Amino acid sequence: MIDDVEWRVSPGLTGYEAAVADMEARADAIRAGTAHERIWLLQHAPLYTAGTSADSSELIDPRFPVHKTGRGGRYTYHGPGQRVGYVQLDLDARGRDVRCYVHALEQWVIGALAALGVAARAVEGRVGIWVDTPGGEAKIGAIGVRVRRWVTLHGFSVNVDPDLDHFAGIVPCGLSEFPVASLASIGNNASLDALDSALRATFPGFLAALAKACGKKNS
């Protein structure tokens, strides 16, 4: 527990549909006051997800299962070597401001990457986490959230060392002009465990920023 938020890390690969069902059940329990908020870190087998704004023309090669999902955004890829973080917080208590929450979520991931020596950033008008590479800007992390009855679902993904060729089956997040990157591809050898430790270390700061920036709007 960190500030009464459960911290869960699942080993191996977690089935996507089972994860979504688990998230939805947990969201109901959080809303009912019968379960703690939760951060759930995991990996999925290779798959594509289609957000609520997905354009079918951006599914280039459905070589992996495609799952429709209730999160915002377009097509994304999940697979081994990518850390997926499902963030389930009660915005009724932490500030009913979804844009503020998404910004705080981005800054949390950016802070964790900074702890690993990676200069990542958010870019105005492009949701996600970005880094500079010899080939130009590239996306190293994705953000996609859903809010139901003011409880958050889904969250973020960070490319640690996935097979980047797997992204070629889609236009990631609808941004055809930008490539994707990973920690490994930019020469950073941090492991999933190292990223998890950095996320955990910077998590209290994320909650504090959420309370300061978003919570004050409800006071």
# chains A, B, ... in the order shown; residues from 1 in each chain; ligands from 1
$ residues_around --residues "A:Arg71" --least-positions-apart "6" --cutoff "6 Å" --atoms "only C-alpha atoms" --output "list in words"
Gly51, Gly144, Val145 and Arg146 of chain A
$ closest_atom_pairs --of "stretch 133-200 of chain A" --to "stretch 73-85 of chain A" --cutoff "7 Å" --atoms "only C-alpha atoms" --output "Markdown table"
| residue | atom | partner | partner_atom | distance |
| --- | --- | --- | --- | --- |
| A:Gly144 | CA | A:Gly73 | CA | 6.1 |
| A:Gly155 | CA | A:Gly85 | CA | 5.7 |
| A:Phe156 | CA | A:Gly85 | CA | 5.2 |
| A:Ser157 | CA | A:Val84 | CA | 4.3 |
| A:Val158 | CA | A:Arg83 | CA | 5.2 |
| A:Asn159 | CA | A:Gln82 | CA | 4.6 |
| A:Val160 | CA | A:Gln82 | CA | 5.3 |
| A:Asp161 | CA | A:Gly81 | CA | 4.7 |
| A:Pro162 | CA | A:Gly81 | CA | 4.1 |
| A:Phe167 | CA | A:Tyr77 | CA | 6.2 |
| A:Ile170 | CA | A:Tyr75 | CA | 6.7 |
| A:Val171 | CA | A:Tyr75 | CA | 6.8 |
| A:Pro172 | CA | A:Thr76 | CA | 5.4 |
| A:Cys173 | CA | A:Arg74 | CA | 4.9 |
| A:Gly174 | CA | A:Arg74 | CA | 6.2 |
| A:Leu192 | CA | A:Arg83 | CA | 6.7 |
$ write_last_selection --atoms "N, CA and C atoms" --output "PDB file, in the first residue's frame"
ATOM      1  N   GLY A 144      -3.902   6.322 -22.198  1.00  0.00           N
ATOM      2  CA  GLY A 144      -5.282   6.100 -22.632  1.00  0.00           C
ATOM      3  C   GLY A 144      -6.132   5.796 -21.420  1.00  0.00           C
ATOM      4  N   GLY A 155      -4.893   3.437 -18.365  1.00  0.00           N
ATOM      5  CA  GLY A 155      -3.813   4.230 -17.812  1.00  0.00           C
ATOM      6  C   GLY A 155      -2.713   4.523 -18.801  1.00  0.00           C
ATOM      7  N   PHE A 156      -1.563   3.814 -18.679  1.00  0.00           N
ATOM      8  CA  PHE A 156      -0.403   4.146 -19.504  1.00  0.00           C
ATOM      9  C   PHE A 156       0.337   2.884 -19.910  1.00  0.00           C
ATOM     10  N   SER A 157       1.211   3.034 -20.903  1.00  0.00           N
ATOM     11  CA  SER A 157       2.157   1.983 -21.254  1.00  0.00           C
ATOM     12  C   SER A 157       3.496   2.637 -21.553  1.00  0.00           C
ATOM     13  N   VAL A 158       4.576   1.933 -21.212  1.00  0.00           N
ATOM     14  CA  VAL A 158       5.931   2.412 -21.472  1.00  0.00           C
ATOM     15  C   VAL A 158       6.698   1.292 -22.167  1.00  0.00           C
ATOM     16  N   ASN A 159       7.328   1.619 -23.276  1.00  0.00           N
ATOM     17  CA  ASN A 159       8.096   0.633 -24.031  1.00  0.00           C
ATOM     18  C   ASN A 159       9.482   0.469 -23.399  1.00  0.00           C
ATOM     19  N   VAL A 160       9.687  -0.666 -22.759  1.00  0.00           N
ATOM     20  CA  VAL A 160      10.984  -0.960 -22.159  1.00  0.00           C
ATOM     21  C   VAL A 160      11.865  -1.651 -23.196  1.00  0.00           C
ATOM     22  N   ASP A 161      11.469  -2.829 -23.621  1.00  0.00           N
ATOM     23  CA  ASP A 161      12.205  -3.534 -24.681  1.00  0.00           C
ATOM     24  C   ASP A 161      11.276  -4.466 -25.451  1.00  0.00           C
ATOM     25  N   PRO A 162      10.172  -3.936 -25.997  1.00  0.00           N
ATOM     26  CA  PRO A 162       9.287  -4.770 -26.811  1.00  0.00           C
ATOM     27  C   PRO A 162       9.847  -4.907 -28.224  1.00  0.00           C
ATOM     28  N   PHE A 167       4.640  -2.803 -33.831  1.00  0.00           N
ATOM     29  CA  PHE A 167       3.841  -1.586 -33.979  1.00  0.00           C
ATOM     30  C   PHE A 167       3.485  -1.316 -35.437  1.00  0.00           C
ATOM     31  N   ILE A 170      -0.194  -1.228 -37.082  1.00  0.00           N
ATOM     32  CA  ILE A 170      -1.161  -0.152 -36.849  1.00  0.00           C
ATOM     33  C   ILE A 170      -0.484   1.194 -37.101  1.00  0.00           C
ATOM     34  N   VAL A 171      -1.300   2.233 -37.138  1.00  0.00           N
ATOM     35  CA  VAL A 171      -0.775   3.594 -37.020  1.00  0.00           C
ATOM     36  C   VAL A 171      -0.902   3.945 -35.550  1.00  0.00           C
ATOM     37  N   PRO A 172       0.178   3.869 -34.786  1.00  0.00           N
ATOM     38  CA  PRO A 172       0.062   4.033 -33.332  1.00  0.00           C
ATOM     39  C   PRO A 172      -0.532   5.380 -32.941  1.00  0.00           C
ATOM     40  N   CYS A 173      -1.663   5.321 -32.266  1.00  0.00           N
ATOM     41  CA  CYS A 173      -2.351   6.523 -31.775  1.00  0.00           C
ATOM     42  C   CYS A 173      -2.698   7.495 -32.886  1.00  0.00           C
ATOM     43  N   GLY A 174      -2.735   7.006 -34.133  1.00  0.00           N
ATOM     44  CA  GLY A 174      -3.109   7.846 -35.258  1.00  0.00           C
ATOM     45  C   GLY A 174      -2.040   8.806 -35.713  1.00  0.00           C
ATOM     46  N   LEU A 192      12.289  -3.884 -16.663  1.00  0.00           N
ATOM     47  CA  LEU A 192      10.929  -3.663 -16.175  1.00  0.00           C
ATOM     48  C   LEU A 192      10.933  -3.413 -14.674  1.00  0.00           C
TER      49      LEU A 192
END
$ atom_distance --atom1 "atom CA of A:Thr34" --atom2 "atom CA of A:Phe206"
23.7 Å
$ atom_distance --atom1 "atom CA of A:Leu164" --atom2 "atom CA of A:Asp22"
27.8 Å
$ residues_around --residues "A:Asp28" --least-positions-apart "5" --cutoff "10 Å" --atoms "only C-alpha atoms" --output "MDAnalysis selection string"
chainID A and resid 23 33:35 148:149 151
$ write_last_selection --atoms "all heavy atoms" --output "PDB file, in the first residue's frame"
ATOM      1  N   MET A  23     -10.511  -4.977 -13.985  1.00  0.00           N
ATOM      2  CA  MET A  23     -10.547  -3.525 -13.802  1.00  0.00           C
ATOM      3  C   MET A  23     -11.962  -3.018 -13.567  1.00  0.00           C
ATOM      4  O   MET A  23     -12.209  -2.190 -12.688  1.00  0.00           O
ATOM      5  CB  MET A  23      -9.986  -2.828 -15.042  1.00  0.00           C
ATOM      6  CG  MET A  23      -8.533  -2.468 -14.960  1.00  0.00           C
ATOM      7  SD  MET A  23      -8.094  -1.257 -16.239  1.00  0.00           S
ATOM      8  CE  MET A  23      -8.419  -2.183 -17.734  1.00  0.00           C
ATOM      9  N   GLY A  33     -17.058   1.721  -2.277  1.00  0.00           N
ATOM     10  CA  GLY A  33     -16.324   1.879  -1.031  1.00  0.00           C
ATOM     11  C   GLY A  33     -15.900   0.582  -0.390  1.00  0.00           C
ATOM     12  O   GLY A  33     -15.558   0.548   0.797  1.00  0.00           O
ATOM     13  N   THR A  34     -15.869  -0.493  -1.190  1.00  0.00           N
ATOM     14  CA  THR A  34     -15.523  -1.808  -0.639  1.00  0.00           C
ATOM     15  C   THR A  34     -14.133  -2.280  -1.049  1.00  0.00           C
ATOM     16  O   THR A  34     -13.741  -3.396  -0.720  1.00  0.00           O
ATOM     17  CB  THR A  34     -16.562  -2.853  -1.062  1.00  0.00           C
ATOM     18  OG1 THR A  34     -16.623  -2.914  -2.502  1.00  0.00           O
ATOM     19  CG2 THR A  34     -17.943  -2.496  -0.516  1.00  0.00           C
ATOM     20  N   ALA A  35     -13.385  -1.453  -1.795  1.00  0.00           N
ATOM     21  CA  ALA A  35     -12.032  -1.827  -2.201  1.00  0.00           C
ATOM     22  C   ALA A  35     -11.171  -0.573  -2.262  1.00  0.00           C
ATOM     23  O   ALA A  35     -11.667   0.536  -2.476  1.00  0.00           O
ATOM     24  CB  ALA A  35     -12.027  -2.524  -3.558  1.00  0.00           C
ATOM     25  N   ARG A 148     -15.233   6.161 -15.254  1.00  0.00           N
ATOM     26  CA  ARG A 148     -16.607   5.678 -15.081  1.00  0.00           C
ATOM     27  C   ARG A 148     -17.048   5.953 -13.658  1.00  0.00           C
ATOM     28  O   ARG A 148     -16.425   5.481 -12.717  1.00  0.00           O
ATOM     29  CB  ARG A 148     -16.690   4.174 -15.388  1.00  0.00           C
ATOM     30  CG  ARG A 148     -18.130   3.651 -15.436  1.00  0.00           C
ATOM     31  CD  ARG A 148     -18.164   2.205 -15.855  1.00  0.00           C
ATOM     32  NE  ARG A 148     -17.698   1.325 -14.791  1.00  0.00           N
ATOM     33  CZ  ARG A 148     -17.570  -0.003 -14.931  1.00  0.00           C
ATOM     34  NH1 ARG A 148     -17.826  -0.572 -16.096  1.00  0.00           N
ATOM     35  NH2 ARG A 148     -17.164  -0.738 -13.925  1.00  0.00           N
ATOM     36  N   ARG A 149     -18.084   6.760 -13.543  1.00  0.00           N
ATOM     37  CA  ARG A 149     -18.583   7.165 -12.222  1.00  0.00           C
ATOM     38  C   ARG A 149     -17.451   7.734 -11.379  1.00  0.00           C
ATOM     39  O   ARG A 149     -17.347   7.495 -10.206  1.00  0.00           O
ATOM     40  CB  ARG A 149     -19.275   5.988 -11.533  1.00  0.00           C
ATOM     41  CG  ARG A 149     -20.515   5.492 -12.263  1.00  0.00           C
ATOM     42  CD  ARG A 149     -21.002   4.160 -11.737  1.00  0.00           C
ATOM     43  NE  ARG A 149     -21.460   4.263 -10.366  1.00  0.00           N
ATOM     44  CZ  ARG A 149     -21.585   3.217  -9.542  1.00  0.00           C
ATOM     45  NH1 ARG A 149     -21.251   2.008  -9.971  1.00  0.00           N
ATOM     46  NH2 ARG A 149     -22.011   3.385  -8.321  1.00  0.00           N
ATOM     47  N   VAL A 151     -14.372   6.977 -11.332  1.00  0.00           N
ATOM     48  CA  VAL A 151     -13.265   6.059 -11.048  1.00  0.00           C
ATOM     49  C   VAL A 151     -12.510   5.829 -12.346  1.00  0.00           C
ATOM     50  O   VAL A 151     -13.112   5.573 -13.389  1.00  0.00           O
ATOM     51  CB  VAL A 151     -13.759   4.724 -10.473  1.00  0.00           C
ATOM     52  CG1 VAL A 151     -12.589   3.755 -10.273  1.00  0.00           C
ATOM     53  CG2 VAL A 151     -14.488   4.944  -9.157  1.00  0.00           C
TER      54      VAL A 151
END
$ select_by_dssp --residues "stretch 112-158 of chain A" --states "strand (DSSP E or B)" --output "VMD selection string"
chain A and resid 121 to 123 126 to 133 136 to 148 151 to 158
$ residues_around --residues "stretch 125-131 of chain A" --least-positions-apart "4" --cutoff "10 Å" --atoms "only C-alpha atoms" --output "PyMOL selection string"
chain A and resi 73+102-103+105-107+109-110+113+118-121+136-144+156-158+173+175+178+180-183+186
$ write_last_selection --atoms "N, CA and C atoms" --output "short mmCIF file (atom, residue, chain, number, x, y, z; two decimals), in the first residue's frame"
data_model
loop_
_atom_site.label_atom_id
_atom_site.label_comp_id
_atom_site.auth_asym_id
_atom_site.auth_seq_id
_atom_site.Cartn_x
_atom_site.Cartn_y
_atom_site.Cartn_z
N GLY A 73 -8.83 7.45 -27.22
CA GLY A 73 -7.70 7.28 -28.12
C GLY A 73 -7.99 6.36 -29.29
N VAL A 102 -5.14 13.47 -16.52
CA VAL A 102 -4.30 12.96 -17.61
C VAL A 102 -2.95 13.68 -17.60
N HIS A 103 -2.95 14.97 -17.38
CA HIS A 103 -1.69 15.72 -17.31
C HIS A 103 -0.83 15.21 -16.17
N LEU A 105 -0.91 12.28 -14.82
CA LEU A 105 -0.47 10.93 -15.17
C LEU A 105 0.74 10.99 -16.10
N GLU A 106 0.68 11.85 -17.09
CA GLU A 106 1.83 12.04 -17.98
C GLU A 106 3.07 12.44 -17.20
N GLN A 107 2.91 13.40 -16.29
CA GLN A 107 4.05 13.90 -15.53
C GLN A 107 4.62 12.84 -14.59
N VAL A 109 4.74 9.55 -15.24
CA VAL A 109 5.56 8.67 -16.07
C VAL A 109 6.85 9.37 -16.49
N ILE A 110 6.75 10.64 -16.84
CA ILE A 110 7.93 11.41 -17.22
C ILE A 110 8.92 11.47 -16.06
N LEU A 113 10.68 8.11 -15.70
CA LEU A 113 11.71 7.96 -16.73
C LEU A 113 12.92 8.83 -16.43
N VAL A 118 16.30 9.22 -18.42
CA VAL A 118 15.69 9.46 -19.73
C VAL A 118 15.00 10.83 -19.73
N ALA A 119 15.35 11.67 -20.68
CA ALA A 119 14.74 13.00 -20.80
C ALA A 119 13.50 12.89 -21.67
N ALA A 120 12.39 12.54 -21.05
CA ALA A 120 11.12 12.41 -21.77
C ALA A 120 10.27 13.64 -21.51
N ARG A 121 9.24 13.82 -22.30
CA ARG A 121 8.40 15.00 -22.15
C ARG A 121 7.01 14.75 -22.75
N GLY A 136 14.80 11.77 -34.82
CA GLY A 136 13.78 12.76 -34.49
C GLY A 136 12.95 12.34 -33.30
N GLU A 137 11.85 13.03 -33.11
CA GLU A 137 10.97 12.72 -31.98
C GLU A 137 10.35 11.34 -32.15
N ALA A 138 10.20 10.63 -31.06
CA ALA A 138 9.57 9.32 -31.09
C ALA A 138 8.76 9.13 -29.81
N LYS A 139 7.75 8.31 -29.91
CA LYS A 139 6.85 8.07 -28.78
C LYS A 139 7.32 6.84 -28.01
N ILE A 140 7.59 7.02 -26.72
CA ILE A 140 8.06 5.93 -25.88
C ILE A 140 6.99 5.43 -24.93
N GLY A 141 5.94 6.22 -24.77
CA GLY A 141 4.86 5.82 -23.86
C GLY A 141 3.52 6.35 -24.33
N ALA A 142 2.47 5.61 -24.03
CA ALA A 142 1.12 5.98 -24.44
C ALA A 142 0.24 6.19 -23.21
N ILE A 143 -0.73 7.07 -23.35
CA ILE A 143 -1.71 7.34 -22.30
C ILE A 143 -3.09 7.09 -22.89
N GLY A 144 -3.90 6.32 -22.20
CA GLY A 144 -5.28 6.10 -22.63
C GLY A 144 -6.13 5.80 -21.42
N PHE A 156 -1.56 3.81 -18.68
CA PHE A 156 -0.40 4.15 -19.50
C PHE A 156 0.34 2.88 -19.91
N SER A 157 1.21 3.03 -20.90
CA SER A 157 2.16 1.98 -21.25
C SER A 157 3.50 2.64 -21.55
N VAL A 158 4.58 1.93 -21.21
CA VAL A 158 5.93 2.41 -21.47
C VAL A 158 6.70 1.29 -22.17
N CYS A 173 -1.66 5.32 -32.27
CA CYS A 173 -2.35 6.52 -31.78
C CYS A 173 -2.70 7.49 -32.89
N LEU A 175 -0.80 8.62 -35.25
CA LEU A 175 0.28 9.55 -35.58
C LEU A 175 1.27 8.88 -36.52
N PHE A 178 5.23 9.92 -36.83
CA PHE A 178 6.20 9.75 -35.75
C PHE A 178 6.45 8.27 -35.49
N VAL A 180 7.95 4.98 -33.08
CA VAL A 180 7.93 4.62 -31.66
C VAL A 180 9.35 4.27 -31.23
N ALA A 181 9.60 4.42 -29.96
CA ALA A 181 10.91 4.10 -29.39
C ALA A 181 10.71 3.28 -28.13
N SER A 182 11.80 2.73 -27.64
CA SER A 182 11.79 2.01 -26.37
C SER A 182 13.02 2.42 -25.59
N LEU A 183 13.06 2.07 -24.32
CA LEU A 183 14.28 2.33 -23.55
C LEU A 183 15.47 1.67 -24.22
N ILE A 186 16.86 3.44 -27.38
CA ILE A 186 17.60 4.70 -27.17
C ILE A 186 18.84 4.47 -26.31
#
$ atom_distance --atom1 "atom CA of A:Ala45" --atom2 "atom CA of A:Tyr16"
8.1 Å
$ residues_around --residues "A:Trp150" --least-positions-apart "3" --cutoff "8 Å" --atoms "only C-alpha atoms" --output "ChimeraX atom specification"
/A:90-92,96,147
$ write_last_selection --atoms "all heavy atoms" --output "short mmCIF file (atom, residue, chain, number, x, y, z; two decimals), in the first residue's frame"
data_model
loop_
_atom_site.label_atom_id
_atom_site.label_comp_id
_atom_site.auth_asym_id
_atom_site.auth_seq_id
_atom_site.Cartn_x
_atom_site.Cartn_y
_atom_site.Cartn_z
N ASP A 90 -9.98 7.23 -7.45
CA ASP A 90 -11.30 7.81 -7.26
C ASP A 90 -11.21 9.33 -7.44
O ASP A 90 -10.79 10.05 -6.53
CB ASP A 90 -11.82 7.47 -5.86
CG ASP A 90 -13.22 7.99 -5.60
OD1 ASP A 90 -13.82 8.60 -6.52
OD2 ASP A 90 -13.73 7.79 -4.48
N LEU A 91 -11.58 9.81 -8.61
CA LEU A 91 -11.51 11.24 -8.87
C LEU A 91 -12.60 12.01 -8.15
O LEU A 91 -12.53 13.24 -8.06
CB LEU A 91 -11.58 11.52 -10.37
CG LEU A 91 -10.44 10.97 -11.23
CD1 LEU A 91 -10.54 11.51 -12.65
CD2 LEU A 91 -9.07 11.29 -10.64
N ASP A 92 -13.58 11.31 -7.62
CA ASP A 92 -14.58 11.98 -6.81
C ASP A 92 -13.92 12.54 -5.55
O ASP A 92 -14.31 13.60 -5.05
CB ASP A 92 -15.70 11.01 -6.43
CG ASP A 92 -16.94 11.73 -5.92
OD1 ASP A 92 -17.27 12.80 -6.47
OD2 ASP A 92 -17.58 11.23 -4.97
N ARG A 96 -12.50 16.16 -9.65
CA ARG A 96 -13.27 15.78 -10.84
C ARG A 96 -12.82 16.56 -12.06
O ARG A 96 -13.56 17.39 -12.60
CB ARG A 96 -14.76 16.00 -10.59
CG ARG A 96 -15.40 15.04 -9.61
CD ARG A 96 -16.90 15.26 -9.63
NE ARG A 96 -17.62 14.28 -8.82
CZ ARG A 96 -18.95 14.13 -8.87
NH1 ARG A 96 -19.67 14.89 -9.69
NH2 ARG A 96 -19.53 13.22 -8.11
N VAL A 147 -12.94 7.04 -17.61
CA VAL A 147 -13.44 7.40 -16.29
C VAL A 147 -14.90 7.00 -16.22
O VAL A 147 -15.71 7.42 -17.06
CB VAL A 147 -13.27 8.91 -16.02
CG1 VAL A 147 -13.84 9.27 -14.65
CG2 VAL A 147 -11.80 9.30 -16.08
#
$ select_by_dssp --residues "chain A" --states "alpha helix (DSSP H)" --output "PyMOL selection string"
chain A and resi 16-32+91-94+98-115+192-213
$ residues_around --residues "A:Gly117" --least-positions-apart "5" --cutoff "10 Å" --atoms "only C-alpha atoms" --output "list in words"
Gly111, Ala112, Asn188 and Ala190 of chain A
$ closest_residue --among "A:Leu59, A:Cys100, A:Val123, A:Leu89" --to "A:Asp4" --atoms "only C-alpha atoms"
A:Leu89
$ closest_residue --among "A:Ala115, A:Met1, A:Leu195, A:Pro134" --to "A:Leu42" --atoms "only C-alpha atoms"
A:Leu195
$ closest_atom_pairs --of "stretch 67-177 of chain A" --to "stretch 207-216 of chain A" --cutoff "7 Å" --atoms "only C-alpha atoms" --output "CSV"
residue,atom,partner,partner_atom,distance
A:Arg94,CA,A:Gly215,CA,5.1
A:Gly95,CA,A:Gly215,CA,4.0
A:Asp97,CA,A:Cys214,CA,6.2
A:Cys100,CA,A:Cys214,CA,5.8
A:Tyr101,CA,A:Leu210,CA,6.7
A:Ala104,CA,A:Leu210,CA,6.1
$ residues_around --residues "A:Thr14" --least-positions-apart "3" --cutoff "10 Å" --atoms "only C-alpha atoms" --output "ChimeraX atom specification"
/A:10-11,17-19,42-45
$ closest_residue --among "A:Leu47, A:Leu116, A:Leu41, A:Phe203" --to "A:Pro62" --atoms "only C-alpha atoms"
A:Leu47
